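Below is one structure, written out as structure tokens; the observations come after it.
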Amino acid sequence: AAGGPPEGSIDEARAAILDELQRAERGLSDQLRKGRRCERELVSGLLDDAEVVCATITGCGSEALAGRRFDFILLDEASQVTEPRALVAIARLGRDGRLVLVGDQRQLPPVCLSQRAQAFGLGLSLFDRLLRYPALAPAMLNLQYRMHPLLSKWPSKVFYGGRLLDGVSARQRPPVPGFAWPAAGGVAFVEAGGLEEVSMDGRSRLNR
């Protein structure tokens, strides 16, 4: 249009703006790299000073623990972990380290949705596989504190040969006031109101 800025000046302004944006982007990238480096150094320092490190199975394979070895690893709920996932944690064990697997082979097995994978043995946990070796006889923790004796009696008899003992007696568990407990006390079946729903993945049911 007549009287507008020359074409050359527009191109120069556009180039200057682009150059400024590129410099800002490089500066931001540098700051992000510095921030990540500081974070890694901070996490590394915390791990160096820690006497105990708690992590999920996935966390054991994270960058923060890469290259680290531990003298002792305790893998909880080991009977519900597939063997490959258990190895993620075990890989952090030092050459002369000790490994303790804690689990209950009478409870739920590892989640393995693939029938083919199950056929190849991925439905079996390392915990269950090691139980097949007589030289690795497990130690049973036979004292339970969670359940009322009326609840623990059946699983103790059916699954554990009567060896599961109660750490808290029925007398030490008085009924919670404000509820109409049955005469036997300790256990009550309560009807849950509301409609049953199916989860988004179609695998679970719930009441709201």
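Following the order of the structure tokens, chains are lettered A, B, ..., residues in each are numbered from 1, and ligands are numbered from 1.
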
Practice task
Report as a VMD selection string: the residues of chain A with a DSSP assignment of strand (DSSP E or B), based on the backbone of this structure.
Solution key: chain A and resid 70 to 75 82 93 to 101 125 143 to 144 165 to 166 196 to 198 205 to 207

Exercise for the section: Might you pull out every residue within 12 Å of range 63-74 of chain A, with only C-alpha atoms counted and same-chain residues fewer than 2 positions away left off, and present them as an MDAnalysis selection string? Expected result: chainID A and resid 36:37 39:48 50:61 76:78 86:103

Practice task
Name the residues of range 127-205 of chain A that fall into helix (DSSP H, G or I) according to DSSP on the backbone, using the chain letters and numbers of this document, as a PyMOL selection string.
Solution key: chain A and resi 127-130+134-136+149-159

Closest-contact table, range 148-194 of chain A side, partner range 106-119 of chain A, 12 Å, counting only C-alpha atoms, as CSV:
```
residue,atom,partner,partner_atom,distance
A:Pro155,CA,A:Arg106,CA,9.6
A:Ser156,CA,A:Arg106,CA,10.9
A:Val158,CA,A:Arg106,CA,10.2
A:Phe159,CA,A:Arg106,CA,6.8
A:Tyr160,CA,A:Arg106,CA,8.4
A:Gly161,CA,A:Arg106,CA,11.8
```

Let me see the file: selected residues, N, CA and C atoms, as a compact mmCIF listing (two decimals), in the first residue's frame.
```txt
# COMPACT_ATOMS: atom_id res chain seq x y z
N PRO A 155 -9.46 -68.84 56.82
CA PRO A 155 -8.25 -68.94 55.99
C PRO A 155 -7.12 -69.69 56.69
N SER A 156 -7.05 -69.57 58.01
CA SER A 156 -6.01 -70.31 58.73
C SER A 156 -6.18 -71.81 58.54
N VAL A 158 -8.11 -73.38 56.08
CA VAL A 158 -8.17 -73.82 54.69
C VAL A 158 -6.84 -73.66 53.96
N PHE A 159 -6.15 -72.54 54.19
CA PHE A 159 -4.95 -72.24 53.42
C PHE A 159 -3.64 -72.50 54.16
N TYR A 160 -3.65 -72.39 55.47
CA TYR A 160 -2.39 -72.42 56.22
C TYR A 160 -2.31 -73.57 57.22
N GLY A 161 -3.18 -74.54 57.10
CA GLY A 161 -3.11 -75.73 57.96
C GLY A 161 -3.26 -75.41 59.43
```

Problem - Leu195 in chain A surroundings by only C-alpha atoms, 12 Å radius, close-in-sequence under 2 positions cut, as a list in words - result: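 Counting only C-alpha atoms, the residues come to Glu191, Ala192, Gly193, Glu197, Val198, Arg205, Leu206, Asn207 and Arg208 of chain A.
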
Just C-alpha atoms for this one: save the residues we selected as a CSV table (one decimal), in the first residue's frame.
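Written file, out.csv:
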```csv
chain,number,residue,atom,x,y,z
A,191,GLU,CA,-25.9,-54.1,52.6
A,192,ALA,CA,-24.4,-51.4,50.4
A,193,GLY,CA,-26.9,-49.1,48.8
A,197,GLU,CA,-21.2,-49.8,38.1
A,198,VAL,CA,-18.6,-51.3,35.8
A,205,ARG,CA,-17.4,-53.6,39.5
A,206,LEU,CA,-18.1,-50.9,42.2
A,207,ASN,CA,-20.9,-49.3,44.2
A,208,ARG,CA,-21.1,-45.6,44.7
```

Handout entry: Distance of CA of Pro149 in chain A from CA of Val81 in chain A, expressed in Å to one decimal place
Key =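 Result for CA of Val81 in chain A versus CA of Pro149 in chain A: 29.1 Å, one decimal.
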
Practice task
Quick one: everything within 12 Å of Val176 in chain A, counting only C-alpha atoms, minus sequence neighbours fewer than 5 positions away in the same chain. Send it as JSON, numbers by chain.
Solution key: {"A": [181, 185, 186, 187, 188]}

Save the residues we just selected, C-alpha atoms, as a PDB file, in the first residue's frame?
```pdb
ATOM      1  CA  TRP A 181     -23.541 -55.685  65.812  1.00  0.00           C
ATOM      2  CA  GLY A 185     -19.936 -59.702  67.369  1.00  0.00           C
ATOM      3  CA  GLY A 186     -16.799 -58.975  65.385  1.00  0.00           C
ATOM      4  CA  VAL A 187     -18.223 -59.672  61.932  1.00  0.00           C
ATOM      5  CA  ALA A 188     -21.231 -58.130  60.188  1.00  0.00           C
TER       6      ALA A 188
END
```
